[in-house]
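J.: Structure: work_19.cif, mmCIF, C-alpha atoms.
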```cif
data_my_file
loop_
_atom_site.label_atom_id
_atom_site.label_comp_id
_atom_site.auth_asym_id
_atom_site.auth_seq_id
_atom_site.Cartn_x
_atom_site.Cartn_y
_atom_site.Cartn_z
CA MET A 1 0.00 0.00 0.00
CA PRO A 2 1.15 3.61 -0.52
CA THR A 3 2.61 5.33 2.51
CA VAL A 4 2.37 8.92 3.68
CA THR A 5 5.05 11.30 4.83
CA PRO A 6 3.20 13.44 7.36
CA GLN A 7 4.53 16.54 9.08
CA ARG A 8 2.45 15.54 12.07
CA ILE A 9 -0.06 13.00 13.29
CA TYR A 10 -3.19 13.28 15.42
CA LEU A 11 -3.24 11.70 18.88
CA ALA A 12 -6.76 10.58 19.76
CA SER A 13 -6.18 10.69 23.50
CA LYS A 14 -6.16 13.23 26.30
CA SER A 15 -3.59 11.24 28.27
CA PRO A 16 -0.61 13.41 29.28
CA ARG A 17 1.46 10.22 29.57
CA ARG A 18 0.92 9.34 25.90
CA ARG A 19 1.83 12.88 24.91
CA GLU A 20 5.04 12.62 26.92
CA LEU A 21 5.94 9.29 25.32
CA LEU A 22 5.36 10.51 21.77
CA LYS A 23 7.53 13.56 22.47
CA GLN A 24 10.21 11.22 23.80
CA ILE A 25 10.65 9.63 20.37
CA GLY A 26 10.37 12.93 18.49
CA VAL A 27 6.86 12.59 17.06
CA ASN A 28 5.14 15.80 16.03
CA PHE A 29 1.46 15.51 16.94
CA GLU A 30 -1.73 17.37 17.65
CA VAL A 31 -4.20 16.18 20.28
CA LEU A 32 -7.58 15.14 18.87
CA LEU A 33 -10.16 14.65 21.60
CA LEU A 34 -12.79 11.94 21.09
CA ARG A 35 -15.81 14.21 21.31
CA LEU A 36 -17.87 16.32 18.96
CA GLN A 37 -17.18 20.02 19.11
CA SER A 38 -20.32 21.76 17.91
CA ARG A 39 -24.08 21.47 17.63
CA MET A 40 -23.70 21.05 13.88
CA GLU A 41 -21.42 18.05 14.43
CA ARG A 42 -23.77 16.55 17.00
CA ASP A 43 -26.62 16.78 14.49
CA ALA A 44 -24.46 15.21 11.79
CA ASP A 45 -23.28 12.32 13.94
CA GLU A 46 -25.00 11.01 17.06
CA THR A 47 -22.37 8.37 17.75
CA PRO A 48 -21.59 8.37 21.50
CA PRO A 49 -18.05 8.34 22.91
CA VAL A 50 -16.32 4.97 23.01
CA ASP A 51 -18.01 2.68 25.54
CA GLU A 52 -15.23 0.91 27.44
CA THR A 53 -17.51 -1.62 29.11
CA PRO A 54 -16.20 -5.16 28.49
CA HIS A 55 -18.48 -7.46 26.53
CA VAL A 56 -19.76 -10.60 28.18
CA GLY A 57 -17.21 -13.38 27.74
CA GLU A 58 -14.65 -11.04 26.14
CA GLY A 59 -11.05 -11.85 26.98
CA PRO A 60 -8.60 -9.10 28.01
CA GLU A 61 -6.56 -9.25 24.80
CA ASP A 62 -9.67 -8.99 22.64
CA TYR A 63 -11.01 -6.22 24.86
CA VAL A 64 -7.96 -3.95 24.67
CA GLN A 65 -7.68 -4.38 20.89
CA ARG A 66 -11.39 -3.71 20.36
CA ILE A 67 -11.32 -0.52 22.44
CA CYS A 68 -8.14 0.65 20.69
CA GLN A 69 -9.73 0.09 17.28
CA GLU A 70 -12.92 1.90 18.30
CA LYS A 71 -10.88 4.86 19.57
CA VAL A 72 -8.82 5.19 16.41
CA GLU A 73 -11.92 4.87 14.21
CA MET A 74 -13.72 7.47 16.31
CA GLY A 75 -10.69 9.74 15.99
CA TRP A 76 -10.68 9.46 12.20
CA LYS A 77 -14.41 10.12 12.11
CA SER A 78 -14.01 13.17 14.33
CA LEU A 79 -11.16 14.45 12.15
CA LYS A 80 -13.32 14.27 9.04
CA LEU A 81 -16.36 15.84 10.71
CA ARG A 82 -14.34 18.83 11.89
CA ASN A 83 -12.82 19.38 8.44
CA LEU A 84 -9.31 19.38 9.87
CA PRO A 85 -6.28 18.82 7.64
CA ILE A 86 -6.10 15.10 6.91
CA GLY A 87 -3.37 13.12 8.62
CA PRO A 88 -2.80 9.79 10.36
CA VAL A 89 -4.67 9.27 13.62
CA LEU A 90 -3.07 7.34 16.48
CA ALA A 91 -4.97 5.86 19.43
CA ALA A 92 -4.08 3.48 22.22
CA ASP A 93 -5.64 1.58 25.07
CA THR A 94 -4.19 -0.11 28.13
CA CYS A 95 -5.72 -2.52 30.60
CA VAL A 96 -4.48 -4.20 33.75
CA ILE A 97 -5.35 -7.84 34.43
CA LEU A 98 -5.41 -9.65 37.76
CA ASP A 99 -6.87 -13.15 38.12
CA GLU A 100 -8.19 -12.87 34.54
CA GLN A 101 -10.22 -9.80 35.51
CA ILE A 102 -9.82 -6.32 34.02
CA ILE A 103 -8.90 -3.79 36.71
CA GLY A 104 -10.13 -0.35 35.67
CA LYS A 105 -9.71 3.10 37.17
CA PRO A 106 -10.74 3.52 40.82
CA LYS A 107 -14.09 5.12 41.57
CA ASN A 108 -12.76 6.86 44.68
CA ARG A 109 -9.92 6.73 47.18
CA GLU A 110 -11.37 3.77 49.07
CA HIS A 111 -11.69 1.79 45.85
CA ALA A 112 -8.10 2.70 44.96
CA ALA A 113 -6.93 1.36 48.32
CA ASP A 114 -8.76 -1.93 47.68
CA ILE A 115 -7.18 -2.25 44.22
CA LEU A 116 -3.67 -1.60 45.52
CA GLN A 117 -4.19 -4.09 48.31
CA SER A 118 -5.21 -6.72 45.75
CA LEU A 119 -2.02 -6.03 43.73
CA SER A 120 0.20 -6.13 46.83
CA GLY A 121 2.83 -8.87 46.74
CA ARG A 122 1.50 -10.27 43.47
CA GLN A 123 2.14 -10.27 39.75
CA HIS A 124 -0.35 -8.69 37.36
CA GLN A 125 -0.44 -8.33 33.58
CA VAL A 126 -0.70 -5.21 31.46
CA TYR A 127 -1.89 -5.23 27.85
CA SER A 128 -1.36 -2.11 25.78
CA ALA A 129 -2.58 -1.74 22.19
CA VAL A 130 -1.73 1.02 19.72
CA ALA A 131 -3.29 1.65 16.30
CA ILE A 132 -2.90 4.14 13.47
CA THR A 133 -5.42 4.76 10.73
CA PHE A 134 -5.16 6.84 7.56
CA ASP A 135 -7.47 6.94 4.57
CA GLY A 136 -8.99 3.48 4.94
CA ARG A 137 -5.86 1.74 6.18
CA MET A 138 -5.43 0.68 9.81
CA GLU A 139 -2.59 -1.13 11.59
CA MET A 140 -2.49 -2.26 15.21
CA ARG A 141 0.10 -3.75 17.54
CA MET A 142 -0.12 -4.94 21.14
CA SER A 143 2.38 -5.42 23.94
CA SER A 144 2.04 -7.65 26.98
CA SER A 145 3.92 -6.99 30.21
CA LYS A 146 4.08 -8.58 33.66
CA VAL A 147 4.52 -6.41 36.75
CA THR A 148 5.30 -7.75 40.22
CA PHE A 149 4.53 -5.55 43.23
CA ALA A 150 6.18 -5.63 46.63
CA THR A 151 4.01 -6.37 49.62
CA LEU A 152 2.41 -3.05 50.54
CA SER A 153 1.47 -2.14 54.08
CA LYS A 154 -1.74 -0.26 54.75
CA GLU A 155 0.34 2.74 55.78
CA ARG A 156 2.29 2.69 52.51
CA ILE A 157 -0.92 2.48 50.48
CA ARG A 158 -2.44 5.31 52.52
CA ASN A 159 0.61 7.52 51.96
CA TYR A 160 0.52 6.79 48.23
CA LEU A 161 -3.13 7.75 48.02
CA LEU A 162 -2.30 11.13 49.58
CA THR A 163 -0.30 11.96 46.43
CA ASN A 164 -3.57 11.80 44.41
CA GLU A 165 -1.58 9.97 41.72
CA SER A 166 -3.90 6.96 41.67
CA LEU A 167 -7.30 8.46 40.98
CA ASP A 168 -7.23 8.62 37.16
CA LYS A 169 -5.00 5.61 36.53
CA ALA A 170 -5.89 2.08 35.52
CA ALA A 171 -5.35 -0.20 38.53
CA ALA A 172 -4.84 2.91 40.70
CA TYR A 173 -1.12 3.43 40.06
CA ALA A 174 1.35 5.15 37.75
CA ILE A 175 4.56 3.25 37.13
CA GLN A 176 6.29 6.48 36.09
CA GLY A 177 5.41 8.15 39.39
CA TYR A 178 5.73 7.36 43.08
CA ALA A 179 4.49 3.82 42.47
CA ALA A 180 7.75 3.00 40.67
CA ALA A 181 8.99 2.15 44.18
CA PHE A 182 6.39 -0.64 44.40
CA VAL A 183 7.72 -2.56 41.40
CA VAL A 184 9.92 -5.52 42.28
CA HIS A 185 10.11 -6.82 38.71
CA LEU A 186 8.94 -5.78 35.25
CA GLU A 187 8.90 -8.16 32.32
CA GLY A 188 7.95 -6.47 29.05
CA SER A 189 7.48 -2.85 28.03
CA TYR A 190 7.87 -0.02 30.55
CA SER A 191 6.29 2.43 28.10
CA GLY A 192 3.50 -0.06 27.47
CA VAL A 193 2.69 -0.11 31.17
CA MET A 194 2.68 3.69 31.07
CA GLY A 195 0.10 3.56 28.29
CA LEU A 196 1.86 3.58 24.92
CA PRO A 197 4.29 0.82 23.85
CA LEU A 198 6.96 2.78 22.02
CA PHE A 199 8.58 -0.07 20.08
CA GLU A 200 5.24 -1.05 18.57
CA THR A 201 4.29 2.60 18.03
CA ALA A 202 7.52 3.32 16.17
CA GLU A 203 7.06 0.20 14.04
CA ILE A 204 3.62 1.29 12.85
CA LEU A 205 4.72 4.88 12.27
CA GLN A 206 7.53 3.65 10.06
CA ASN A 207 5.07 1.52 8.10
CA PHE A 208 3.08 4.69 7.43
CA GLY A 209 6.21 6.50 6.24
CA TYR A 210 6.76 8.60 9.34
CA PRO A 211 10.50 9.11 10.00
CA ILE A 212 11.62 7.51 13.27
CA LEU A 213 15.20 7.34 14.56
#
```
Hey, can you dump this file as structure tokens for me?
T.:
Amino acid sequence: MPTVTPQRIYLASKSPRRRELLKQIGVNFEVLLLRLQSRMERDADETPPVDETPHVGEGPEDYVQRICQEKVEMGWKSLKLRNLPIGPVLAADTCVILDEQIIGKPKNREHAADILQSLSGRQHQVYSAVAITFDGRMEMRMSSSKVTFATLSKERIRNYLLTNESLDKAAAYAIQGYAAAFVVHLEGSYSGVMGLPLFETAEILQNFGYPIL
């Protein structure tokens, strides 16, 4: 298939961590939020934001790839509706798995404490998918990582929650923040656990003709 040589791409995510990671590998991007911007656009397209509720019987790997694909497709749709300059759209999704169950973002501080207690002294898995779409073509990659936590005392969990770092993070922690001190062992992709696997991201960008070191 023909490739493109874009000056920039669109990032269909509001995650500051994904912005930081793209900047780390020198990618020029513009943030494209997954929402409609005007009444005219709402009238033209009544599609709701991506519903991240797992389907019944859906495995974690299928789940993270489905959500990633829906995000990148929604991003492309939003780009077209807003009449923005056409360019590749990148989206990603990350989920944490413990005992074959998807661990989402905590509802409140008490829920975050329960999640961290369940991760304490155990190994969990992190799946992170990334996709790029441009003009009818879409490519996706996925990374799988295993993270082992130290045994966390209630006091240590309580002190971590006081940082407010956990409240908007899957599984209530940020590996790039204070919670880095919880990690006994990481097998896989550090950037994938953060939310954007950079090796896989660079591979797709190169396939679309974007220059990567």
J.: Could you tell me which of A:Tyr63, A:Phe134, A:Tyr190, A:Tyr127 comes closest to A:Trp76 if we count all atoms listed in the file?
T.: A:Phe134
J.: Find the nearest atom pair between each residue of stretch 23-127 of chain A and stretch 153-167 of chain A for residues within 8 Å, count all atoms listed in the file, give distances in Å to one decimal, sort rows by chain and ascending number, and present the table as a tab-separated table.
T.:
```
residue	atom	partner	partner_atom	distance
A:Lys105	CA	A:Leu167	CA	7.0
A:Pro106	CA	A:Leu167	CA	6.0
A:Lys107	CA	A:Leu167	CA	7.6
A:Asn108	CA	A:Leu167	CA	6.8
A:Arg109	CA	A:Leu161	CA	6.9
A:Ala112	CA	A:Ser166	CA	6.8
A:Ala113	CA	A:Ile157	CA	6.5
A:Leu116	CA	A:Ile157	CA	7.0
A:Gln117	CA	A:Ile157	CA	7.7
```
J.: For A:Arg141, which residue among A:Lys80, A:Arg19, A:Lys14, A:Arg66 is the nearest when counting all atoms listed in the file?
T.: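 Among A:Lys80, A:Arg19, A:Lys14, A:Arg66, it is A:Arg66 that comes nearest to A:Arg141.
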J.: For A:Ala129, which residue out of A:Asn83, A:Gln176, A:Ser78, A:Gln69 is the nearest one, using only C-alpha atoms?
T.: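 The answer is A:Gln69, which sits nearest to A:Ala129.
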J.: Counting all atoms listed in the file, which residue out of A:Arg17, A:Lys71, A:Lys169, A:Arg122 sits closest to A:Phe182?
T.: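 Counting all atoms listed in the file, the residue closest to A:Phe182 is A:Arg122.
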J.: What residues come out when you apply the PyMOL selection byres ((chain A and resi 91) around 10) to this file, written as a PyMOL selection string?
T.: chain A and resi 10-13+18+32+67-76+89-90+92-93+129-133+140+196+201
J.: Just want the 10 Å neighbourhood of A:Ala150, counted on only C-alpha atoms, with same-chain residues fewer than 4 positions away dropped. Output as JSON, numbers by chain.
T.: {"A": [119, 120, 121, 122, 123, 181, 182, 183, 184, 185]}
J.: Could you check the closest approach to A:Asn207 for each of A:Arg137, A:Ser15, A:His111, A:Ile102 and tell me which residue wins, using all atoms listed in the file?
T.: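 Smallest separation from A:Asn207 among the options: A:Arg137.
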J.: Using Å and a single decimal, report how far atom CA of A:Val147 sits from atom CA of A:Ser128.
T.: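 Separation of atom CA of A:Ser128 and atom CA of A:Val147: 13.2 Å.
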J.: Using the partial input, fill out stretch 134-163 of chain A with N, CA and C atoms; write the result as a PDB file, in the coordinates of the input.
T.:
```pdb
ATOM      1  N   PHE A 134      -5.284   5.744   8.532  1.00  0.00           N
ATOM      2  CA  PHE A 134      -5.160   6.840   7.560  1.00  0.00           C
ATOM      3  C   PHE A 134      -5.818   6.404   6.260  1.00  0.00           C
ATOM      4  N   ASP A 135      -6.864   7.102   5.886  1.00  0.00           N
ATOM      5  CA  ASP A 135      -7.470   6.940   4.570  1.00  0.00           C
ATOM      6  C   ASP A 135      -7.824   5.479   4.253  1.00  0.00           C
ATOM      7  N   GLY A 136      -8.524   4.831   5.182  1.00  0.00           N
ATOM      8  CA  GLY A 136      -8.990   3.480   4.940  1.00  0.00           C
ATOM      9  C   GLY A 136      -8.041   2.378   5.341  1.00  0.00           C
ATOM     10  N   ARG A 137      -6.848   2.730   5.757  1.00  0.00           N
ATOM     11  CA  ARG A 137      -5.860   1.740   6.180  1.00  0.00           C
ATOM     12  C   ARG A 137      -5.666   1.843   7.691  1.00  0.00           C
ATOM     13  N   MET A 138      -5.626   0.689   8.369  1.00  0.00           N
ATOM     14  CA  MET A 138      -5.430   0.680   9.810  1.00  0.00           C
ATOM     15  C   MET A 138      -4.461  -0.441  10.184  1.00  0.00           C
ATOM     16  N   GLU A 139      -3.504  -0.124  11.051  1.00  0.00           N
ATOM     17  CA  GLU A 139      -2.590  -1.130  11.590  1.00  0.00           C
ATOM     18  C   GLU A 139      -2.590  -1.040  13.105  1.00  0.00           C
ATOM     19  N   MET A 140      -2.484  -2.198  13.755  1.00  0.00           N
ATOM     20  CA  MET A 140      -2.490  -2.260  15.210  1.00  0.00           C
ATOM     21  C   MET A 140      -1.404  -3.210  15.699  1.00  0.00           C
ATOM     22  N   ARG A 141      -0.840  -2.876  16.850  1.00  0.00           N
ATOM     23  CA  ARG A 141       0.100  -3.750  17.540  1.00  0.00           C
ATOM     24  C   ARG A 141      -0.281  -3.776  19.020  1.00  0.00           C
ATOM     25  N   MET A 142       0.171  -4.833  19.719  1.00  0.00           N
ATOM     26  CA  MET A 142      -0.120  -4.940  21.140  1.00  0.00           C
ATOM     27  C   MET A 142       1.091  -5.458  21.890  1.00  0.00           C
ATOM     28  N   SER A 143       1.315  -4.922  23.066  1.00  0.00           N
ATOM     29  CA  SER A 143       2.380  -5.420  23.940  1.00  0.00           C
ATOM     30  C   SER A 143       1.764  -6.035  25.177  1.00  0.00           C
ATOM     31  N   SER A 144       2.490  -6.986  25.762  1.00  0.00           N
ATOM     32  CA  SER A 144       2.040  -7.650  26.980  1.00  0.00           C
ATOM     33  C   SER A 144       3.186  -7.600  27.992  1.00  0.00           C
ATOM     34  N   SER A 145       2.894  -7.122  29.180  1.00  0.00           N
ATOM     35  CA  SER A 145       3.920  -6.990  30.210  1.00  0.00           C
ATOM     36  C   SER A 145       3.432  -7.610  31.518  1.00  0.00           C
ATOM     37  N   LYS A 146       4.386  -8.045  32.338  1.00  0.00           N
ATOM     38  CA  LYS A 146       4.080  -8.580  33.660  1.00  0.00           C
ATOM     39  C   LYS A 146       4.767  -7.715  34.701  1.00  0.00           C
ATOM     40  N   VAL A 147       4.008  -7.297  35.697  1.00  0.00           N
ATOM     41  CA  VAL A 147       4.520  -6.410  36.750  1.00  0.00           C
ATOM     42  C   VAL A 147       4.319  -7.092  38.096  1.00  0.00           C
ATOM     43  N   THR A 148       5.386  -7.166  38.884  1.00  0.00           N
ATOM     44  CA  THR A 148       5.300  -7.750  40.220  1.00  0.00           C
ATOM     45  C   THR A 148       5.466  -6.651  41.261  1.00  0.00           C
ATOM     46  N   PHE A 149       4.497  -6.541  42.159  1.00  0.00           N
ATOM     47  CA  PHE A 149       4.530  -5.550  43.230  1.00  0.00           C
ATOM     48  C   PHE A 149       5.133  -6.137  44.504  1.00  0.00           C
ATOM     49  N   ALA A 150       5.776  -5.275  45.269  1.00  0.00           N
ATOM     50  CA  ALA A 150       6.180  -5.630  46.630  1.00  0.00           C
ATOM     51  C   ALA A 150       4.940  -5.744  47.503  1.00  0.00           C
ATOM     52  N   THR A 151       5.105  -6.349  48.651  1.00  0.00           N
ATOM     53  CA  THR A 151       4.010  -6.370  49.620  1.00  0.00           C
ATOM     54  C   THR A 151       3.863  -4.977  50.210  1.00  0.00           C
ATOM     55  N   LEU A 152       2.659  -4.432  50.118  1.00  0.00           N
ATOM     56  CA  LEU A 152       2.410  -3.050  50.540  1.00  0.00           C
ATOM     57  C   LEU A 152       1.649  -3.024  51.856  1.00  0.00           C
ATOM     58  N   SER A 153       2.182  -2.313  52.814  1.00  0.00           N
ATOM     59  CA  SER A 153       1.470  -2.140  54.080  1.00  0.00           C
ATOM     60  C   SER A 153       0.320  -1.158  53.890  1.00  0.00           C
ATOM     61  N   LYS A 154      -0.631  -1.204  54.813  1.00  0.00           N
ATOM     62  CA  LYS A 154      -1.740  -0.260  54.750  1.00  0.00           C
ATOM     63  C   LYS A 154      -1.248   1.176  54.849  1.00  0.00           C
ATOM     64  N   GLU A 155      -0.211   1.397  55.644  1.00  0.00           N
ATOM     65  CA  GLU A 155       0.340   2.740  55.780  1.00  0.00           C
ATOM     66  C   GLU A 155       0.954   3.213  54.459  1.00  0.00           C
ATOM     67  N   ARG A 156       1.656   2.318  53.782  1.00  0.00           N
ATOM     68  CA  ARG A 156       2.290   2.690  52.510  1.00  0.00           C
ATOM     69  C   ARG A 156       1.229   3.006  51.451  1.00  0.00           C
ATOM     70  N   ILE A 157       0.174   2.206  51.413  1.00  0.00           N
ATOM     71  CA  ILE A 157      -0.920   2.480  50.480  1.00  0.00           C
ATOM     72  C   ILE A 157      -1.569   3.818  50.817  1.00  0.00           C
ATOM     73  N   ARG A 158      -1.812   4.054  52.105  1.00  0.00           N
ATOM     74  CA  ARG A 158      -2.440   5.310  52.520  1.00  0.00           C
ATOM     75  C   ARG A 158      -1.578   6.515  52.121  1.00  0.00           C
ATOM     76  N   ASN A 159      -0.279   6.417  52.324  1.00  0.00           N
ATOM     77  CA  ASN A 159       0.610   7.520  51.960  1.00  0.00           C
ATOM     78  C   ASN A 159       0.623   7.740  50.444  1.00  0.00           C
ATOM     79  N   TYR A 160       0.554   6.648  49.701  1.00  0.00           N
ATOM     80  CA  TYR A 160       0.520   6.790  48.230  1.00  0.00           C
ATOM     81  C   TYR A 160      -0.754   7.490  47.788  1.00  0.00           C
ATOM     82  N   LEU A 161      -1.864   7.138  48.401  1.00  0.00           N
ATOM     83  CA  LEU A 161      -3.130   7.750  48.020  1.00  0.00           C
ATOM     84  C   LEU A 161      -3.137   9.256  48.291  1.00  0.00           C
ATOM     85  N   LEU A 162      -2.363   9.697  49.272  1.00  0.00           N
ATOM     86  CA  LEU A 162      -2.300  11.130  49.580  1.00  0.00           C
ATOM     87  C   LEU A 162      -1.646  11.933  48.465  1.00  0.00           C
ATOM     88  N   THR A 163      -0.907  11.259  47.573  1.00  0.00           N
ATOM     89  CA  THR A 163      -0.300  11.960  46.430  1.00  0.00           C
ATOM     90  C   THR A 163      -1.318  12.284  45.346  1.00  0.00           C
TER      91      THR A 163
END
```
